[in-house]
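Data file: target26.pdb. Format and content: PDB, C-alpha atoms.
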MODEL        1
ATOM      1  CA  GLY A   1      71.556 136.034  97.466
ATOM      2  CA  ALA A   2      75.308 136.166  96.816
ATOM      3  CA  VAL A   3      76.612 136.375  93.267
ATOM      4  CA  LYS A   4      79.696 134.225  94.012
ATOM      5  CA  ASP A   5      80.209 131.131  96.112
ATOM      6  CA  GLY A   6      82.087 131.281  99.380
ATOM      7  CA  LEU A   7      84.802 129.029 100.818
ATOM      8  CA  LEU A   8      83.534 127.229 103.920
ATOM      9  CA  ARG A   9      86.282 126.229 106.345
ATOM     10  CA  VAL A  10      85.341 122.993 108.128
ATOM     11  CA  ASN A  11      87.133 119.745 108.932
ATOM     12  CA  SER A  12      86.867 116.950 106.372
ATOM     13  CA  ARG A  13      84.403 114.854 108.423
ATOM     14  CA  ILE A  14      81.880 117.684 108.466
ATOM     15  CA  GLY A  15      82.608 118.528 104.823
ATOM     16  CA  ARG A  16      81.816 114.969 103.693
ATOM     17  CA  GLY A  17      78.364 115.294 105.240
ATOM     18  CA  LEU A  18      77.495 118.372 103.181
ATOM     19  CA  LYS A  19      75.606 118.033  99.901
ATOM     20  CA  ARG A  20      75.028 120.421  96.991
ATOM     21  CA  GLY A  21      71.973 122.594  97.574
ATOM     22  CA  MET A  22      71.979 122.289 101.384
ATOM     23  CA  GLU A  23      71.101 125.485 103.222
ATOM     24  CA  LEU A  24      73.445 126.442 106.049
ATOM     25  CA  SER A  25      73.003 129.007 108.775
ATOM     26  CA  SER A  26      75.100 130.424 111.616
ATOM     27  CA  LEU A  27      78.101 131.229 109.413
ATOM     28  CA  THR A  28      80.545 134.066 110.035
ATOM     29  CA  VAL A  29      82.446 135.881 107.274
ATOM     30  CA  ILE A  30      86.120 135.764 108.259
ATOM     31  CA  SER A  31      87.491 137.426 105.127
ATOM     32  CA  CYS A  32      86.066 139.188 102.104
ATOM     33  CA  ASP A  33      87.921 140.521  99.056
ATOM     34  CA  PRO A  34      85.504 142.514  96.849
ATOM     35  CA  ASP A  35      88.128 142.912  94.091
ATOM     36  CA  THR A  36      88.414 139.156  93.472
ATOM     37  CA  GLY A  37      84.950 138.263  94.772
ATOM     38  CA  ARG A  38      86.349 135.811  97.345
ATOM     39  CA  VAL A  39      84.551 135.192 100.622
ATOM     40  CA  VAL A  40      85.728 132.842 103.394
ATOM     41  CA  LEU A  41      83.127 131.585 105.884
ATOM     42  CA  LEU A  42      83.463 129.812 109.214
ATOM     43  CA  PRO A  43      80.607 128.116 111.083
ATOM     44  CA  GLU A  44      79.812 129.539 114.505
ATOM     45  CA  GLU A  45      80.645 127.354 117.508
ATOM     46  CA  GLY A  46      78.304 124.343 117.462
ATOM     47  CA  GLY A  47      76.775 125.494 114.141
ATOM     48  CA  LEU A  48      77.631 122.369 112.125
ATOM     49  CA  GLN A  49      77.735 118.936 113.689
ATOM     50  CA  GLU A  50      79.798 115.964 112.566
ATOM     51  CA  PRO A  51      77.600 113.342 110.923
ATOM     52  CA  ALA A  52      76.867 110.223 112.942
ATOM     53  CA  VAL A  53      79.068 107.254 112.073
ATOM     54  CA  ARG A  54      77.024 104.826 109.981
ATOM     55  CA  ARG A  55      77.876 101.182 109.821
ATOM     56  CA  SER A  56      76.744  99.206 106.824
ATOM     57  CA  GLN A  57      76.791  95.921 108.759
ATOM     58  CA  SER A  58      76.141  94.951 112.334
ATOM     59  CA  ALA A  59      79.104  93.825 114.394
ATOM     60  CA  ASN A  60      77.842  90.210 114.482
ATOM     61  CA  ALA A  61      77.117  89.883 110.756
ATOM     62  CA  PRO A  62      79.576  87.780 108.755
ATOM     63  CA  ARG A  63      81.970  89.867 106.700
ATOM     64  CA  PRO A  64      82.520  89.151 103.000
ATOM     65  CA  ARG A  65      85.673  87.259 102.082
ATOM     66  CA  VAL A  66      88.560  89.230 100.693
ATOM     67  CA  GLY A  67      89.739  87.597  97.483
ATOM     68  CA  GLY A  68      88.081  84.573  95.949
ATOM     69  CA  GLU A  69      85.184  84.766  93.514
ATOM     70  CA  THR A  70      83.640  88.000  94.795
ATOM     71  CA  ARG A  71      86.803  90.040  94.352
ATOM     72  CA  ARG A  72      87.621  88.580  90.932
ATOM     73  CA  ALA A  73      84.145  89.295  89.592
ATOM     74  CA  ALA A  74      84.276  92.892  90.817
ATOM     75  CA  SER A  75      87.658  93.529  89.199
ATOM     76  CA  GLN A  76      86.476  92.204  85.816
ATOM     77  CA  ARG A  77      83.515  94.567  85.613
ATOM     78  CA  PRO A  78      84.139  97.519  83.335
ATOM     79  CA  ARG A  79      84.305 100.788  85.208
ATOM     80  CA  GLN A  80      81.480 103.151  84.444
ATOM     81  CA  ARG A  81      82.549 106.745  84.203
ATOM     82  CA  GLY A  82      79.780 109.115  85.055
ATOM     83  CA  GLY A  83      79.980 112.814  84.570
ATOM     84  CA  ARG A  84      80.062 115.034  81.585
ATOM     85  CA  THR A  85      81.197 114.607  78.057
ATOM     86  CA  TRP A  86      83.283 117.268  76.341
ATOM     87  CA  ASP A  87      81.740 116.597  72.927
ATOM     88  CA  HIS A  88      79.176 118.964  71.406
ATOM     89  CA  ALA A  89      77.328 117.021  68.700
ATOM     90  CA  GLU A  90      75.472 120.012  67.202
ATOM     91  CA  ALA A  91      78.570 122.220  66.926
ATOM     92  CA  THR A  92      80.994 123.061  64.098
ATOM     93  CA  PRO A  93      83.145 120.083  62.966
ATOM     94  CA  LEU A  94      86.897 120.489  63.474
ATOM     95  CA  GLU A  95      87.443 120.114  59.726
ATOM     96  CA  GLU A  96      85.599 123.412  59.147
ATOM     97  CA  LEU A  97      87.840 125.414  61.506
ATOM     98  CA  ASN A  98      91.037 127.228  60.509
ATOM     99  CA  GLU A  99      94.114 127.965  62.571
ATOM    100  CA  GLY A 100      94.186 131.667  63.402
ATOM    101  CA  ASP A 101      90.391 131.998  63.604
ATOM    102  CA  ILE A 102      89.179 134.125  66.509
ATOM    103  CA  HIS A 103      86.191 132.867  68.512
ATOM    104  CA  LEU A 104      84.196 133.902  71.549
ATOM    105  CA  GLY A 105      84.631 131.225  74.213
ATOM    106  CA  VAL A 106      83.007 130.108  77.457
ATOM    107  CA  VAL A 107      85.121 128.360  80.121
ATOM    108  CA  THR A 108      83.838 124.804  80.625
ATOM    109  CA  ASN A 109      86.544 123.346  82.875
ATOM    110  CA  VAL A 110      89.464 124.565  84.956
ATOM    111  CA  GLY A 111      91.760 121.830  86.181
ATOM    112  CA  PRO A 112      95.318 120.597  86.544
ATOM    113  CA  TYR A 113      95.634 120.097  82.775
ATOM    114  CA  GLY A 114      94.569 123.622  81.932
ATOM    115  CA  VAL A 115      91.594 125.790  81.101
ATOM    116  CA  PHE A 116      89.111 124.420  78.554
ATOM    117  CA  VAL A 117      86.887 126.715  76.512
ATOM    118  CA  ASP A 118      83.806 126.019  74.369
ATOM    119  CA  VAL A 119      84.471 127.892  71.126
ATOM    120  CA  GLY A 120      81.507 126.470  69.220
ATOM    121  CA  ALA A 121      83.361 123.401  67.910
ATOM    122  CA  VAL A 122      82.525 119.741  68.517
ATOM    123  CA  ARG A 123      85.336 119.655  71.119
ATOM    124  CA  ASP A 124      86.453 122.180  73.708
ATOM    125  CA  ALA A 125      89.755 123.980  73.131
ATOM    126  CA  ARG A 126      92.567 123.925  75.686
ATOM    127  CA  LEU A 127      93.574 127.488  76.434
ATOM    128  CA  ALA A 128      97.368 127.958  76.345
ATOM    129  CA  VAL A 129      97.954 130.103  79.433
ATOM    130  CA  SER A 130     100.322 129.814  82.391
ATOM    131  CA  ALA A 131      99.112 128.141  85.574
ATOM    132  CA  ALA A 132      99.035 131.502  87.355
ATOM    133  CA  VAL A 133      96.775 133.002  84.678
ATOM    134  CA  GLY A 134      94.682 129.810  84.503
ATOM    135  CA  ARG A 135      93.788 130.081  88.195
ATOM    136  CA  ARG A 136      91.964 133.344  87.490
ATOM    137  CA  PHE A 137      89.350 131.616  85.320
ATOM    138  CA  ARG A 138      86.086 130.160  86.618
ATOM    139  CA  ILE A 139      83.600 127.897  84.848
ATOM    140  CA  GLY A 140      81.163 130.072  82.899
ATOM    141  CA  ASP A 141      83.586 132.954  82.328
ATOM    142  CA  VAL A 142      83.286 134.460  78.839
ATOM    143  CA  VAL A 143      86.587 134.788  76.972
ATOM    144  CA  GLN A 144      86.317 137.459  74.278
ATOM    145  CA  GLU A 145      89.145 136.530  71.899
ATOM    146  CA  CYS A 146      90.229 132.889  71.671
ATOM    147  CA  ILE A 147      92.692 132.436  68.801
ATOM    148  CA  LEU A 148      92.797 128.860  67.469
ATOM    149  CA  GLU A 149      96.469 127.903  67.384
ATOM    150  CA  VAL A 150      96.381 124.133  66.758
ATOM    151  CA  ILE A 151      93.687 121.953  65.226
ATOM    152  CA  ASP A 152      94.703 118.295  65.577
ATOM    153  CA  LEU A 153      92.212 116.336  63.473
ATOM    154  CA  GLU A 154      93.861 112.989  64.217
ATOM    155  CA  ARG A 155      93.585 113.333  68.006
ATOM    156  CA  GLN A 156      90.440 115.509  67.830
ATOM    157  CA  ARG A 157      92.004 118.292  69.916
ATOM    158  CA  LEU A 158      92.041 122.063  69.777
ATOM    159  CA  ALA A 159      94.484 124.511  71.316
ATOM    160  CA  ALA A 160      93.699 128.188  71.674
ATOM    161  CA  SER A 161      95.544 131.219  72.985
ATOM    162  CA  LEU A 162      94.749 134.752  74.072
ATOM    163  CA  PRO A 163      96.171 137.928  72.509
ATOM    164  CA  ASP A 164      97.172 139.193  75.995
ATOM    165  CA  PRO A 165      96.953 136.439  78.647
ATOM    166  CA  GLU A 166      97.942 138.793  81.476
ATOM    167  CA  ALA A 167      94.902 140.992  80.760
ATOM    168  CA  ALA A 168      92.494 138.032  81.030
TER     169      ALA A 168
ENDMDL
END
Now that the file is in, can you turn its structure into structure tokens?
Amino acid sequence: GAVKDGLLRVNSRIGRGLKRGMELSSLTVISCDPDTGRVVLLPEEGGLQEPAVRRSQSANAPRPRVGGETRRAASQRPRQRGGRTWDHAEATPLEELNEGDIHLGVVTNVGPYGVFVDVGAVRDARLAVSAAVGRRFRIGDVVQECILEVIDLERQRLAASLPDPEAA
């Protein structure tokens, strides 16, 4: 019943065998910082096992040719991108927003290109904060005062800032 997730320290082979929603036991808390809500966990000795190596083909089965028709056909297929869309069809159109407006925002993505916030518009706004400040945000965080700085109608992008980024 924890409120925050914990960081589980395991080697990559074990980590690849874990799936979202799996229940784990025999974990030891190796560090806990109540101020930031960070918890680091380590499995007890023998607690998590490496997954068995699975082979998709038997050793005697013929292997597919590299190159030729099979490879060409695979490379011509369009790549399907799964995942989420950042559009919000039922939200306020960008044309109805004004630079300088202040909105309540909810963090939707934190990544290498910045922090993105849903401010009620059809697109999420990129929050203009330093990388150090951006690392403090988590998906779902509520941002009280997002000031719309740039509304680029041509590229369908929004940029927002905070009155005091260091206080975020």
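Remark: residues at most 12 Å from position (82.4, 119.5, 109.2) in file coordinates are A:Leu8, A:Arg9, A:Val10, A:Asn11, A:Ser12, A:Arg13, A:Ile14, A:Gly15, A:Arg16, A:Gly17, A:Leu18, A:Lys19, A:Leu24, A:Leu42, A:Pro43, A:Glu44, A:Glu45, A:Gly46, A:Gly47, A:Leu48, A:Gln49, A:Glu50, A:Pro51, A:Ala52, using all atoms listed in the file.
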(request) Check what the PyMOL selection byres ((chain A and resi 143) around 8) selects in the file above and give those residues as a ChimeraX atom specification. (result) /A:104-107,141-142,144-146,168
(request) For atom CA of A:Ala125 and atom CA of A:Leu7, determine how far apart the two atoms are, in Å to one decimal place. (result)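 For atom CA of A:Ala125 relative to atom CA of A:Leu7, the distance reads 28.6 Å.
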(request) Can you work out which one of A:Glu149, A:Asp35, A:Glu90, A:Glu99 has the shortest atom-to-atom distance to A:Val122, counting all atoms listed in the file? (result)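 Checking each of A:Glu149, A:Asp35, A:Glu90, A:Glu99 against A:Val122, counting all atoms listed in the file, the winner is A:Glu90.
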(request) Compare A:Gly100, A:Arg136, A:Tyr113, A:Val129 by their minimum atom-to-atom distance to A:Arg38, counting only C-alpha atoms, and give me the closest one. (result)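 Counting only C-alpha atoms, the residue closest to A:Arg38 is A:Arg136.
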(request) Go through A:Gly21, A:Pro165, A:Gly6, A:Pro93 and flag the residue nearest A:Leu127, using all atoms listed in the file for the distances. (result)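 Looking at the shortest contact to A:Leu127, the residue is A:Pro165.
Distance annotation: of A:Leu97, A:Arg138, A:Asp118, A:Ala132, the residue with the minimal separation from A:Leu153 is A:Leu97; atom set is all atoms listed in the file.
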(message) For a test of reading the model, state the distance in Å between atom CA of A:Ile102 and atom CA of A:Gly120, rounded to one decimal.
(response) 11.2 Å
(message) Between atom CA of A:Ser161 and atom CA of A:Thr108, what is the distance in Å, rounded to a tenth?
(response)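 Computed distance, atom CA of A:Ser161 to atom CA of A:Thr108, equals 15.4 Å.
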(message) Measuring between all atoms listed in the file, which one of A:Leu148, A:Leu162, A:Val115, A:Leu41 shows the shortest distance to A:Asn98?
(response)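 Of the candidates, the smallest distance to A:Asn98 is held by A:Leu148.
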